[in-house]
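As stored in data17.cif (mmCIF, C-alpha atoms):
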```
data_entry
#
loop_
_atom_site.label_atom_id
_atom_site.label_comp_id
_atom_site.auth_asym_id
_atom_site.auth_seq_id
_atom_site.Cartn_x
_atom_site.Cartn_y
_atom_site.Cartn_z
CA LEU A 1 92.49 102.04 251.24
CA ALA A 2 96.25 101.42 251.11
CA HIS A 3 95.60 98.26 249.06
CA ALA A 4 93.31 100.09 246.64
CA ALA A 5 95.78 102.92 246.03
CA GLY A 6 98.15 100.71 244.02
CA ALA A 7 101.90 100.85 244.31
CA PRO A 8 104.69 103.16 243.11
CA LEU A 9 107.89 101.71 241.61
CA ASP A 10 110.82 101.24 244.00
CA ILE A 11 114.37 100.44 242.96
CA THR A 12 117.57 99.46 244.74
CA VAL A 13 120.84 100.91 243.46
CA ALA A 14 124.19 99.14 243.72
CA SER A 15 125.84 102.39 244.88
CA ASP A 16 125.38 106.20 244.96
CA ALA A 17 121.66 106.24 245.81
CA ALA A 18 121.58 110.05 246.11
CA GLY A 19 123.23 110.50 242.71
CA TRP A 20 120.78 108.16 241.01
CA ALA A 21 117.83 109.82 242.76
CA GLY A 22 118.85 113.04 241.00
CA LYS A 23 119.31 111.39 237.61
CA LEU A 24 115.96 109.58 237.79
CA GLY A 25 113.94 112.31 239.52
CA ALA A 26 113.24 109.77 242.27
CA GLU A 27 112.59 110.19 245.99
CA LEU A 28 115.35 108.79 248.21
CA LEU A 29 113.51 106.91 250.95
CA PRO A 30 114.86 106.79 254.54
CA THR A 31 115.80 103.11 254.05
CA GLY A 32 117.96 103.88 250.99
CA SER A 33 115.57 102.69 248.28
CA LEU A 34 114.53 105.05 245.47
CA ARG A 35 110.87 105.64 244.64
CA LEU A 36 109.56 106.74 241.24
CA ALA A 37 106.00 108.04 241.10
CA GLU A 38 105.58 107.74 237.30
CA PRO A 39 108.37 105.56 235.96
CA GLY A 40 107.08 104.79 232.46
CA GLN A 41 108.93 101.96 230.74
CA VAL A 42 111.41 100.58 233.27
CA SER A 43 113.96 99.25 230.76
CA ALA A 44 114.17 102.68 229.07
CA LEU A 45 115.22 104.49 232.27
CA PRO A 46 118.81 105.74 232.71
CA GLY A 47 121.02 103.17 234.39
CA PHE A 48 118.93 100.10 233.49
CA ASP A 49 121.08 98.81 230.63
CA GLU A 50 124.33 99.26 232.54
CA GLY A 51 122.84 97.49 235.55
CA ALA A 52 123.15 100.35 238.04
CA TRP A 53 119.89 99.35 239.77
CA TRP A 54 117.06 96.83 239.90
CA VAL A 55 113.35 96.93 240.71
CA GLN A 56 112.63 95.95 244.32
CA ASP A 57 109.90 97.15 246.69
CA ALA A 58 111.30 99.22 249.57
CA ALA A 59 109.89 96.78 252.16
CA ALA A 60 111.44 93.80 250.34
CA ALA A 61 114.83 95.55 250.41
CA ILE A 62 114.83 95.84 254.21
CA PRO A 63 115.65 92.21 255.20
CA ALA A 64 119.07 92.17 253.50
CA LYS A 65 119.90 95.59 254.98
CA LEU A 66 119.30 94.21 258.47
CA LEU A 67 122.29 91.86 258.10
CA GLY A 68 124.51 94.95 258.25
CA ASP A 69 128.09 94.64 256.99
CA VAL A 70 128.29 91.37 255.03
CA ALA A 71 131.54 92.08 253.16
CA GLY A 72 133.53 88.84 252.90
CA LEU A 73 130.84 86.73 254.60
CA THR A 74 129.36 83.59 253.07
CA VAL A 75 125.61 84.17 252.74
CA LEU A 76 122.89 81.80 251.50
CA ASP A 77 119.84 83.40 249.89
CA MET A 78 117.59 80.40 250.51
CA CYS A 79 114.55 81.22 248.31
CA ALA A 80 116.30 83.66 246.03
CA ALA A 81 113.87 84.45 243.19
CA PRO A 82 113.31 87.05 241.83
CA GLY A 83 116.85 87.92 242.96
CA GLY A 84 116.69 91.42 244.46
CA LYS A 85 118.12 90.28 247.78
CA THR A 86 120.85 88.23 246.06
CA MET A 87 121.96 91.38 244.22
CA GLN A 88 121.82 93.49 247.39
CA LEU A 89 124.05 91.02 249.24
CA ALA A 90 126.45 90.70 246.29
CA ALA A 91 126.67 94.48 245.93
CA ALA A 92 127.53 94.67 249.65
CA GLY A 93 130.50 92.37 249.13
CA ALA A 94 129.12 89.05 250.40
CA GLU A 95 130.01 85.69 248.87
CA VAL A 96 126.44 84.78 247.93
CA THR A 97 124.89 81.43 247.11
CA ALA A 98 121.45 81.94 245.53
CA LEU A 99 119.16 78.91 245.81
CA ASP A 100 115.73 78.48 244.25
CA LEU A 101 113.51 75.56 243.34
CA SER A 102 112.48 76.98 239.96
CA GLU A 103 114.81 76.71 236.98
CA GLY A 104 112.86 79.43 235.15
CA ARG A 105 113.12 81.89 238.02
CA MET A 106 116.80 81.09 238.49
CA ALA A 107 117.34 81.97 234.83
CA ARG A 108 115.93 85.44 235.62
CA ILE A 109 118.35 85.81 238.53
CA THR A 110 121.27 84.83 236.29
CA GLU A 111 120.09 87.38 233.70
CA ASN A 112 119.92 90.13 236.34
CA LEU A 113 123.35 89.23 237.72
CA LEU A 114 124.77 89.53 234.20
CA ARG A 115 123.07 92.91 233.66
CA THR A 116 124.33 94.30 236.97
CA GLY A 117 127.79 92.71 236.77
CA LEU A 118 127.29 91.21 240.24
CA LYS A 119 128.52 87.76 241.21
CA ALA A 120 126.74 84.91 243.01
CA VAL A 121 126.79 81.13 242.88
CA THR A 122 123.38 80.00 241.59
CA VAL A 123 121.88 76.65 242.59
CA VAL A 124 118.55 75.17 241.46
CA GLY A 125 117.25 72.96 244.25
CA ASP A 126 114.98 72.37 247.23
CA ALA A 127 115.68 74.62 250.23
CA LEU A 128 115.00 71.69 252.56
CA GLU A 129 117.82 69.72 250.91
CA ALA A 130 120.34 72.57 250.86
CA GLU A 131 123.81 71.75 252.14
CA GLY A 132 126.80 73.78 253.28
CA SER A 133 127.91 76.04 256.09
CA PHE A 134 127.25 79.78 256.05
CA ASP A 135 128.00 82.90 258.11
CA ALA A 136 124.49 84.23 257.43
CA ILE A 137 121.30 83.06 255.73
CA LEU A 138 118.42 85.04 254.30
CA LEU A 139 115.14 83.08 254.18
CA ASP A 140 112.34 84.90 252.35
CA ALA A 141 109.96 82.00 252.87
CA PRO A 142 107.04 80.97 250.63
CA CYS A 143 103.90 82.51 252.12
CA SER A 144 100.36 83.70 251.45
CA ALA A 145 101.72 86.93 249.84
CA THR A 146 98.98 88.92 251.61
CA GLY A 147 101.45 91.82 251.91
CA THR A 148 101.44 92.38 248.14
CA ILE A 149 97.70 92.82 247.60
CA ARG A 150 98.14 96.43 246.42
CA ARG A 151 100.24 95.07 243.51
CA HIS A 152 98.00 92.04 242.92
CA PRO A 153 94.39 93.07 243.67
CA ASP A 154 93.09 89.65 242.63
CA LEU A 155 95.02 87.92 245.45
CA PRO A 156 92.21 87.93 248.05
CA HIS A 157 89.96 86.20 245.51
CA ALA A 158 92.61 83.73 244.35
CA LYS A 159 93.56 82.74 247.91
CA GLN A 160 90.68 82.03 250.21
CA GLY A 161 92.90 80.54 252.90
CA GLU A 162 93.57 77.20 251.25
CA GLY A 163 97.04 75.89 251.81
CA ILE A 164 97.95 78.37 254.56
CA SER A 165 98.52 75.63 257.15
CA GLU A 166 100.82 73.78 254.72
CA LEU A 167 102.76 77.00 254.11
CA ILE A 168 103.12 77.58 257.85
CA GLY A 169 104.49 74.04 258.27
CA LEU A 170 106.90 74.57 255.36
CA GLN A 171 108.14 77.87 256.83
CA ALA A 172 108.89 76.19 260.18
CA ALA A 173 110.75 73.34 258.43
CA MET A 174 112.79 75.86 256.42
CA ILE A 175 113.73 77.80 259.56
CA ASP A 176 114.89 74.58 261.24
CA HIS A 177 116.90 73.48 258.18
CA ALA A 178 118.46 76.95 257.79
CA LEU A 179 119.60 76.96 261.42
CA GLY A 180 121.36 73.65 260.74
CA LEU A 181 123.33 75.27 257.89
CA LEU A 182 124.37 78.29 259.97
CA LYS A 183 127.80 78.46 261.55
CA PRO A 184 127.79 78.95 265.34
CA GLY A 185 127.14 82.61 266.07
CA GLY A 186 125.63 83.08 262.60
CA ARG A 187 122.49 85.06 261.80
CA LEU A 188 119.32 84.00 260.00
CA VAL A 189 117.04 86.67 258.56
CA PHE A 190 113.53 85.22 258.36
CA CYS A 191 110.97 87.19 256.38
CA THR A 192 107.63 86.80 254.60
CA CYS A 193 105.59 89.18 252.43
CA SER A 194 102.59 88.35 254.61
CA LEU A 195 100.29 90.31 256.91
CA LEU A 196 99.42 87.20 258.95
CA PRO A 197 101.06 86.82 262.40
CA ASP A 198 101.06 83.02 261.87
CA GLU A 199 103.57 83.61 259.04
CA GLY A 200 105.67 86.06 261.03
CA GLU A 201 105.64 86.79 264.75
CA CYS A 202 104.27 83.34 265.66
CA GLN A 203 106.89 81.56 263.55
CA VAL A 204 109.68 83.35 265.41
CA GLU A 205 108.18 82.69 268.85
CA GLU A 206 107.81 79.00 268.00
CA ALA A 207 111.36 78.79 266.60
CA LEU A 208 112.72 80.27 269.85
CA ALA A 209 110.80 77.59 271.77
CA ARG A 210 112.20 74.79 269.55
CA HIS A 211 115.87 75.84 269.59
CA ASP A 212 117.83 76.27 272.82
CA GLY A 213 119.96 79.39 272.89
CA LEU A 214 118.38 80.93 269.79
CA THR A 215 117.69 84.66 270.26
CA VAL A 216 116.25 87.54 268.25
CA ALA A 217 119.08 89.95 267.40
CA PRO A 218 118.34 93.58 268.30
CA LEU A 219 117.69 95.75 265.24
CA GLU A 220 119.58 99.04 265.46
CA ALA A 221 119.20 100.73 262.04
CA ALA A 222 118.56 104.47 262.36
CA TRP A 223 115.73 104.39 259.80
CA ILE A 224 113.59 101.88 261.75
CA GLU A 225 110.42 103.65 262.92
CA PRO A 226 109.21 102.74 266.45
CA LYS A 227 105.76 101.63 265.23
CA TRP A 228 107.36 99.03 262.94
CA ARG A 229 108.75 97.06 265.90
CA SER A 230 106.88 93.96 267.08
CA GLU A 231 106.90 92.48 270.56
CA GLU A 232 109.20 89.52 269.87
CA GLY A 233 111.86 91.78 268.35
CA GLY A 234 111.06 91.72 264.64
CA LEU A 235 109.58 94.34 262.29
CA ARG A 236 105.97 94.33 261.14
CA LEU A 237 105.66 96.45 257.97
CA ARG A 238 102.20 97.36 256.66
CA PRO A 239 100.78 98.86 253.43
CA ASP A 240 99.37 101.85 255.36
CA TYR A 241 102.83 102.91 256.61
CA TRP A 242 104.46 105.85 254.78
CA PRO A 243 101.02 106.99 253.48
CA GLU A 244 102.40 110.36 252.35
CA ARG A 245 105.05 108.55 250.28
CA GLY A 246 102.72 106.00 248.66
CA GLY A 247 102.87 103.17 251.22
CA MET A 248 104.94 99.98 251.23
CA ASP A 249 104.33 96.27 250.82
CA GLY A 250 103.26 94.33 253.90
CA PHE A 251 106.22 92.40 255.28
CA TYR A 252 107.50 90.69 258.38
CA VAL A 253 111.20 90.36 259.18
CA ALA A 254 113.29 89.22 262.15
CA VAL A 255 116.98 88.40 262.61
CA LEU A 256 117.62 85.20 264.55
CA GLN A 257 121.00 84.76 266.23
CA LYS A 258 122.43 81.26 266.61
CA PRO A 259 124.40 80.73 269.83
CA ALA A 260 128.19 80.88 269.44
CA GLY A 261 128.92 77.67 271.32
#
```
Encoded form using structure tokens:
Amino acid sequence: LAHAAGAPLDITVASDAAGWAGKLGAELLPTGSLRLAEPGQVSALPGFDEGAWWVQDAAAAIPAKLLGDVAGLTVLDMCAAPGGKTMQLAAAGAEVTALDLSEGRMARITENLLRTGLKAVTVVGDALEAEGSFDAILLDAPCSATGTIRRHPDLPHAKQGEGISELIGLQAAMIDHALGLLKPGGRLVFCTCSLLPDEGECQVEEALARHDGLTVAPLEAAWIEPKWRSEEGGLRLRPDYWPERGGMDGFYVAVLQKPAG
């Protein structure tokens, strides 16, 4: 039912969420995103041209928020397109490197950074060949996208399970590579817009088994609802949550803490 109901439009604002909620007639969600029930043409809305906000599902905005205060930190957004998380991190004062394999999608990120006046270093390249050393990394890994079915009703027909095992292998390789780029004591946010435990909870449990000293950082945000929490310490978000508000995309997110020594 949640999938069939479709999806409202959520946006993330660079600052003054309450003020923009009033200007746009939007609902301010507990997580800080704004939700518009009947947005009309997005580019005609107040604040679009001056780059005060960008379109981003409320569930997709949660992973970057879980890094907490990132001001002055070096952060790699490892699979950055379409760029919402890059802009969130930049707006929060991080020194962001946005990496993506697709030149076309990176062009969209650059366009959005120009519109919003936010700054990030943009790199077109393979996540598994990324280099550098970072205080924090956000990995929104390629996945089955089963969490976005309410936006893309044809997904179940387009994806009958082919390629899932390859995606799961790629996710694990990306986690391992990301941990190698993290400074000691750094944090890796791993997330997927998937409803499958193999692309979420299981990935984290297996990463903990592969890496000595790796832990799941406790998530303290006041807006986290108890039913969102999963056994291994991550969050399992589902389309049927927030039914009275119009639901949310399916998502999995966990924050992995690299040992300090």
### Query
What residues come out when you apply the PyMOL selection byres ((chain A and resi 50) around 10) to this file, written as a ChimeraX atom specification?
/A:46-49,51-53,114-117
### Query
What's the 7 Å shell around A:Thr74, counting all atoms listed in the file, without same-chain residues fewer than 4 positions away, as a PyMOL selection string?
chain A and resi 94-96+134-136
### Task
Please identify all polymer residues within 10 Å of A:Ala254, counting only C-alpha atoms, omitting same-chain residues fewer than 6 positions from it, and present them as a PyMOL selection string.
chain A and resi 63+66+188-192+200-201+204+216-219+229-230+232-236
Output for the residues just chosen: C-alpha atoms as a PDB file, in the coordinates of the input:
```pdb
ATOM      1  CA  PRO A  63     115.650  92.210 255.200  1.00  0.00           C
ATOM      2  CA  LEU A  66     119.300  94.210 258.470  1.00  0.00           C
ATOM      3  CA  LEU A 188     119.320  84.000 260.000  1.00  0.00           C
ATOM      4  CA  VAL A 189     117.040  86.670 258.560  1.00  0.00           C
ATOM      5  CA  PHE A 190     113.530  85.220 258.360  1.00  0.00           C
ATOM      6  CA  CYS A 191     110.970  87.190 256.380  1.00  0.00           C
ATOM      7  CA  THR A 192     107.630  86.800 254.600  1.00  0.00           C
ATOM      8  CA  GLY A 200     105.670  86.060 261.030  1.00  0.00           C
ATOM      9  CA  GLU A 201     105.640  86.790 264.750  1.00  0.00           C
ATOM     10  CA  VAL A 204     109.680  83.350 265.410  1.00  0.00           C
ATOM     11  CA  VAL A 216     116.250  87.540 268.250  1.00  0.00           C
ATOM     12  CA  ALA A 217     119.080  89.950 267.400  1.00  0.00           C
ATOM     13  CA  PRO A 218     118.340  93.580 268.300  1.00  0.00           C
ATOM     14  CA  LEU A 219     117.690  95.750 265.240  1.00  0.00           C
ATOM     15  CA  ARG A 229     108.750  97.060 265.900  1.00  0.00           C
ATOM     16  CA  SER A 230     106.880  93.960 267.080  1.00  0.00           C
ATOM     17  CA  GLU A 232     109.200  89.520 269.870  1.00  0.00           C
ATOM     18  CA  GLY A 233     111.860  91.780 268.350  1.00  0.00           C
ATOM     19  CA  GLY A 234     111.060  91.720 264.640  1.00  0.00           C
ATOM     20  CA  LEU A 235     109.580  94.340 262.290  1.00  0.00           C
ATOM     21  CA  ARG A 236     105.970  94.330 261.140  1.00  0.00           C
TER      22      ARG A 236
END
```
#### Entry: Spatial neighbours of stretch 173-181 of chain A, max dist 9 Å, all atoms listed in the file, sep filter under 3 positions, as a ChimeraX atom specification
/A:78,127-135,137-139,141,168-170,186-188,190,203,207,210-211,258
File dump, residues just selected, C-alpha atoms, as an mmCIF file, keeping the file's coordinate frame:
```cif
data_model
loop_
_atom_site.group_PDB
_atom_site.id
_atom_site.type_symbol
_atom_site.label_atom_id
_atom_site.label_comp_id
_atom_site.auth_asym_id
_atom_site.auth_seq_id
_atom_site.Cartn_x
_atom_site.Cartn_y
_atom_site.Cartn_z
ATOM 1 C CA MET A 78 117.590 80.400 250.510
ATOM 2 C CA ALA A 127 115.680 74.620 250.230
ATOM 3 C CA LEU A 128 115.000 71.690 252.560
ATOM 4 C CA GLU A 129 117.820 69.720 250.910
ATOM 5 C CA ALA A 130 120.340 72.570 250.860
ATOM 6 C CA GLU A 131 123.810 71.750 252.140
ATOM 7 C CA GLY A 132 126.800 73.780 253.280
ATOM 8 C CA SER A 133 127.910 76.040 256.090
ATOM 9 C CA PHE A 134 127.250 79.780 256.050
ATOM 10 C CA ASP A 135 128.000 82.900 258.110
ATOM 11 C CA ILE A 137 121.300 83.060 255.730
ATOM 12 C CA LEU A 138 118.420 85.040 254.300
ATOM 13 C CA LEU A 139 115.140 83.080 254.180
ATOM 14 C CA ALA A 141 109.960 82.000 252.870
ATOM 15 C CA ILE A 168 103.120 77.580 257.850
ATOM 16 C CA GLY A 169 104.490 74.040 258.270
ATOM 17 C CA LEU A 170 106.900 74.570 255.360
ATOM 18 C CA GLY A 186 125.630 83.080 262.600
ATOM 19 C CA ARG A 187 122.490 85.060 261.800
ATOM 20 C CA LEU A 188 119.320 84.000 260.000
ATOM 21 C CA PHE A 190 113.530 85.220 258.360
ATOM 22 C CA GLN A 203 106.890 81.560 263.550
ATOM 23 C CA ALA A 207 111.360 78.790 266.600
ATOM 24 C CA ARG A 210 112.200 74.790 269.550
ATOM 25 C CA HIS A 211 115.870 75.840 269.590
ATOM 26 C CA LYS A 258 122.430 81.260 266.610
#
```
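Applied to the file shown here, the PyMOL selection byres ((chain A and resi 57) around 10) selects the residues Ala7, Pro8, Leu9, Asp10, Ile11, Thr12, Ser33, Leu34, Arg35, Trp54, Val55, Gln56, Ala58, Ala59, Ala60, Ala61, Ile62, Gly84, Thr148, Met248 and Asp249 of chain A.
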### Message
Assuming the chain letters and numbering stay as they are in my file, what does the PyMOL selection byres ((chain A and resi 38) around 10) actually select? List them as number ranges by chain.
### Response
A: 8-9, 25-26, 35-37, 39-41
Please dump the current selection as a compact mmCIF listing (two decimals), in the coordinates of the input; keep C-alpha atoms.
```txt
# COMPACT_ATOMS: atom_id res chain seq x y z
CA PRO A 8 104.69 103.16 243.11
CA LEU A 9 107.89 101.71 241.61
CA GLY A 25 113.94 112.31 239.52
CA ALA A 26 113.24 109.77 242.27
CA ARG A 35 110.87 105.64 244.64
CA LEU A 36 109.56 106.74 241.24
CA ALA A 37 106.00 108.04 241.10
CA PRO A 39 108.37 105.56 235.96
CA GLY A 40 107.08 104.79 232.46
CA GLN A 41 108.93 101.96 230.74
```
### Query
Between A:Val253, A:Val13, A:Ala209, A:Ala222, which one has atoms that come closest to A:Leu195, using all atoms listed in the file?
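So, comparing all the options, the nearest one is A:Val253.
Taking only C-alpha atoms into account, A:Lys85 lies nearest to A:Leu113 out of the set A:Leu167, A:Leu113, A:Gly213, A:Ala71.
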### Query
Skipping near chain neighbours, those fewer than 5 positions away, what residues fall within 9 Å of A:Ala260 using only C-alpha atoms, listed as a PyMOL selection string?
chain A and resi 183-186
### Among the residues A:Ala172, A:Cys79, A:Val123, A:Ile109, the one that comes closest to A:Thr97 [using all atoms listed in the file]
A:Val123
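You will find atom CA of A:Ala14 at 24.3 Å from atom CA of A:Gly104.
From atom CA of A:Cys193 back to atom CA of A:Leu237, the distance works out to 9.1 Å.
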### Task
Could you check how far atom CA of A:Thr110 sits from atom CA of A:Thr122, in Å to one decimal?
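Distance reported for this atom pair: 7.5 Å.
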#### Entry: Proximity to A:Leu99 - best of A:Leu67, A:Val124, A:Ala221, A:Ala44, only C-alpha atoms
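Closest to A:Leu99 of all the choices is A:Val124.
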### Message
Need the shell around A:Leu196: protein/DNA/RNA residues with any atom at most 10 Å away, counting all atoms listed in the file. Skip same-chain ones fewer than 5 positions apart. Format as a ChimeraX atom specification?
### Response
/A:143-147,164,201-202,236,250-252
